[in-house]
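In what follows, a single structure is set out as structure tokens and then discussed.
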Amino acid sequence: ELKVEQNPLFLSMQEGKNYTIYCNYSTTSDRLYWYRQDPGKSLESLFVLLSNGAVKQEGRLMASLDTKARLSTLHITAAVHDLSATYFCAVDDPGDAGNMLTFGGGTRLMVKP
Amino acid sequence: KAGVTQTPRYLIKTRGQQVTLSCSPISGHRSVSWYQQTPGQGLQFLFEYFSETQRNKGNFPGRFSGRQFSNSRSEMNVSTLELGDSALYLCASNIDGTLQAYTFGSGTRLTVV
């Protein structure tokens, strides 16, 4: 059974600081997704990582994937208040036909002025 | 381009009743999957449909069922509602086989009283 673990679960940081969210998963997969969720809202796609060594950047967020270590990171550079949200990583389960995402527990990010 | 549409947005039901939720995927997306989100269990996969066939099913009791129509619209049904079924139910659609991000709808918030 695929397990996905994120840490930290909660992150409070000052504006302008850098930080990294980690996502570990338990079985081989080369499909990893990062999503953002604002309170009471749905999931917004941030990044799709499909191969070992993949790195993608959008604004102050950068995501990377190391399939050998079964690890993805989401790096936040010079955080701003607008980045406050809950961030989820999700992995496509490789053992089944079709599409099935297993989500991490989420990282609730609060950026303080 | 229209997104994934879920109806209704909110529902209040009584224990023992049944409920049907609807999801219209993005045009051209034939894969539709359903997820349950609760504060305690996080995001959990319910099932996935492709071309009117259920391809994957998560670890939920048989009270949870779904179907997909020829136009790719999907419905999920929960019978004999329990208090623990109170959750945000999210639908996601995807162009199968292209390794793109899953697009999520706004969700249906179900409250069982």
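Labels for the structure tokens follow display order: chains A, B, ..., residues from 1 in each chain, ligands from 1.
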Original post:
Could you write out as a list in words the residues of chain A within 9 Å of chain B, counting only C-alpha atoms?
Top reply: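 For chain A, the answer reads Arg31, Tyr33, Lys41, Ser42, Leu43, Glu44, Ser45, Leu46, Phe47, Val48, Leu50, Asp96, Ala97, Gly98, Asn99, Met100, Leu101, Thr102, Phe103, Gly104, Gly105 and Gly106 of chain A.
Here the question is which of A:Phe88, A:Met13, A:Asn52, A:Lys3 gets nearest to Pro113 (chain A) using only C-alpha atoms, and that residue is A:Met13.
Among the candidate residues B:Pro8, B:Gly3, B:Gly16, B:Pro61, the one lying nearest to Glu82 (chain B) is B:Gly16, with distances computed using only C-alpha atoms.
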Original post:
What is the CA of Arg70 (chain A)-CA of Gly53 (chain A) distance in Å, reported with one decimal?
Top reply: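 Taking CA of Arg70 (chain A) as the start and CA of Gly53 (chain A) as the end point, the length is 11.1 Å.
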Subject >> Filtered DSSP result for chain A, state strand (DSSP E or B), as a PyMOL selection string >> reply: chain A and resi 4-7+10-14+19-25+32-37+43-49+55-58+61-66+71-76+85-92+101-103+107-112
Keeping C-alpha atoms, export the residues of the selection given above as a PDB file, in the first residue's frame.
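Output below, filename out36.pdb:
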```
ATOM      1  CA  VAL A   4       2.735   9.482   1.410  1.00  0.00           C
ATOM      2  CA  GLU A   5       4.100  11.528   4.278  1.00  0.00           C
ATOM      3  CA  GLN A   6       4.574  15.271   4.391  1.00  0.00           C
ATOM      4  CA  ASN A   7       6.462  17.322   6.882  1.00  0.00           C
ATOM      5  CA  PHE A  10       2.249  23.036  10.152  1.00  0.00           C
ATOM      6  CA  LEU A  11       4.620  25.833   9.276  1.00  0.00           C
ATOM      7  CA  SER A  12       4.531  29.376  10.548  1.00  0.00           C
ATOM      8  CA  MET A  13       7.058  31.663   8.960  1.00  0.00           C
ATOM      9  CA  GLN A  14       7.879  35.319   8.579  1.00  0.00           C
ATOM     10  CA  TYR A  19      11.591  27.181   3.792  1.00  0.00           C
ATOM     11  CA  THR A  20      11.150  23.685   2.374  1.00  0.00           C
ATOM     12  CA  ILE A  21       8.265  21.233   2.622  1.00  0.00           C
ATOM     13  CA  TYR A  22       9.147  17.569   2.261  1.00  0.00           C
ATOM     14  CA  CYS A  23       7.109  14.774   0.741  1.00  0.00           C
ATOM     15  CA  ASN A  24       8.203  11.152   1.123  1.00  0.00           C
ATOM     16  CA  TYR A  25       6.449   8.213  -0.456  1.00  0.00           C
ATOM     17  CA  LEU A  32       4.048  13.379  -8.268  1.00  0.00           C
ATOM     18  CA  TYR A  33       1.762  16.368  -7.968  1.00  0.00           C
ATOM     19  CA  TRP A  34       1.662  19.404  -5.741  1.00  0.00           C
ATOM     20  CA  TYR A  35      -1.600  21.161  -4.949  1.00  0.00           C
ATOM     21  CA  ARG A  36      -2.596  24.218  -2.998  1.00  0.00           C
ATOM     22  CA  GLN A  37      -5.814  24.536  -1.040  1.00  0.00           C
ATOM     23  CA  LEU A  43      -7.428  22.013  -4.846  1.00  0.00           C
ATOM     24  CA  GLU A  44      -5.404  24.114  -7.247  1.00  0.00           C
ATOM     25  CA  SER A  45      -2.709  22.383  -9.255  1.00  0.00           C
ATOM     26  CA  LEU A  46       0.775  23.812  -8.737  1.00  0.00           C
ATOM     27  CA  PHE A  47       3.233  21.354 -10.249  1.00  0.00           C
ATOM     28  CA  VAL A  48       3.336  18.052 -12.082  1.00  0.00           C
ATOM     29  CA  LEU A  49       6.631  16.171 -11.716  1.00  0.00           C
ATOM     30  CA  VAL A  55      12.506  20.633 -11.205  1.00  0.00           C
ATOM     31  CA  LYS A  56       9.756  23.161 -11.810  1.00  0.00           C
ATOM     32  CA  GLN A  57       9.442  26.745 -10.650  1.00  0.00           C
ATOM     33  CA  GLU A  58       6.568  29.171 -10.531  1.00  0.00           C
ATOM     34  CA  LEU A  61       7.707  28.184  -5.377  1.00  0.00           C
ATOM     35  CA  MET A  62      10.040  25.510  -6.708  1.00  0.00           C
ATOM     36  CA  ALA A  63       9.354  21.782  -6.689  1.00  0.00           C
ATOM     37  CA  SER A  64      11.741  18.911  -7.305  1.00  0.00           C
ATOM     38  CA  LEU A  65      11.520  15.142  -7.514  1.00  0.00           C
ATOM     39  CA  ASP A  66      14.051  12.459  -6.617  1.00  0.00           C
ATOM     40  CA  LEU A  71      11.299  12.323  -2.109  1.00  0.00           C
ATOM     41  CA  SER A  72       9.860  15.537  -3.426  1.00  0.00           C
ATOM     42  CA  THR A  73      10.455  18.997  -2.029  1.00  0.00           C
ATOM     43  CA  LEU A  74       8.526  22.226  -2.339  1.00  0.00           C
ATOM     44  CA  HIS A  75      10.808  25.175  -1.670  1.00  0.00           C
ATOM     45  CA  ILE A  76       9.434  28.571  -0.775  1.00  0.00           C
ATOM     46  CA  ALA A  85      -2.555  28.010   2.387  1.00  0.00           C
ATOM     47  CA  THR A  86      -2.401  24.256   2.817  1.00  0.00           C
ATOM     48  CA  TYR A  87      -0.095  22.437   0.422  1.00  0.00           C
ATOM     49  CA  PHE A  88      -0.560  18.808  -0.538  1.00  0.00           C
ATOM     50  CA  CYS A  89       1.641  16.430  -2.425  1.00  0.00           C
ATOM     51  CA  ALA A  90       0.028  13.468  -4.152  1.00  0.00           C
ATOM     52  CA  VAL A  91       1.457  10.407  -5.827  1.00  0.00           C
ATOM     53  CA  ASP A  92      -0.086   8.332  -8.575  1.00  0.00           C
ATOM     54  CA  LEU A 101      -3.897   9.656  -6.217  1.00  0.00           C
ATOM     55  CA  THR A 102      -2.619   9.055  -2.712  1.00  0.00           C
ATOM     56  CA  PHE A 103      -2.266  12.328  -0.829  1.00  0.00           C
ATOM     57  CA  THR A 107       1.274  21.228   5.220  1.00  0.00           C
ATOM     58  CA  ARG A 108      -0.565  24.218   6.577  1.00  0.00           C
ATOM     59  CA  LEU A 109       1.540  27.270   5.854  1.00  0.00           C
ATOM     60  CA  MET A 110       1.019  30.577   7.620  1.00  0.00           C
ATOM     61  CA  VAL A 111       3.117  33.505   6.510  1.00  0.00           C
ATOM     62  CA  LYS A 112       3.167  36.341   8.993  1.00  0.00           C
TER      63      LYS A 112
END
```
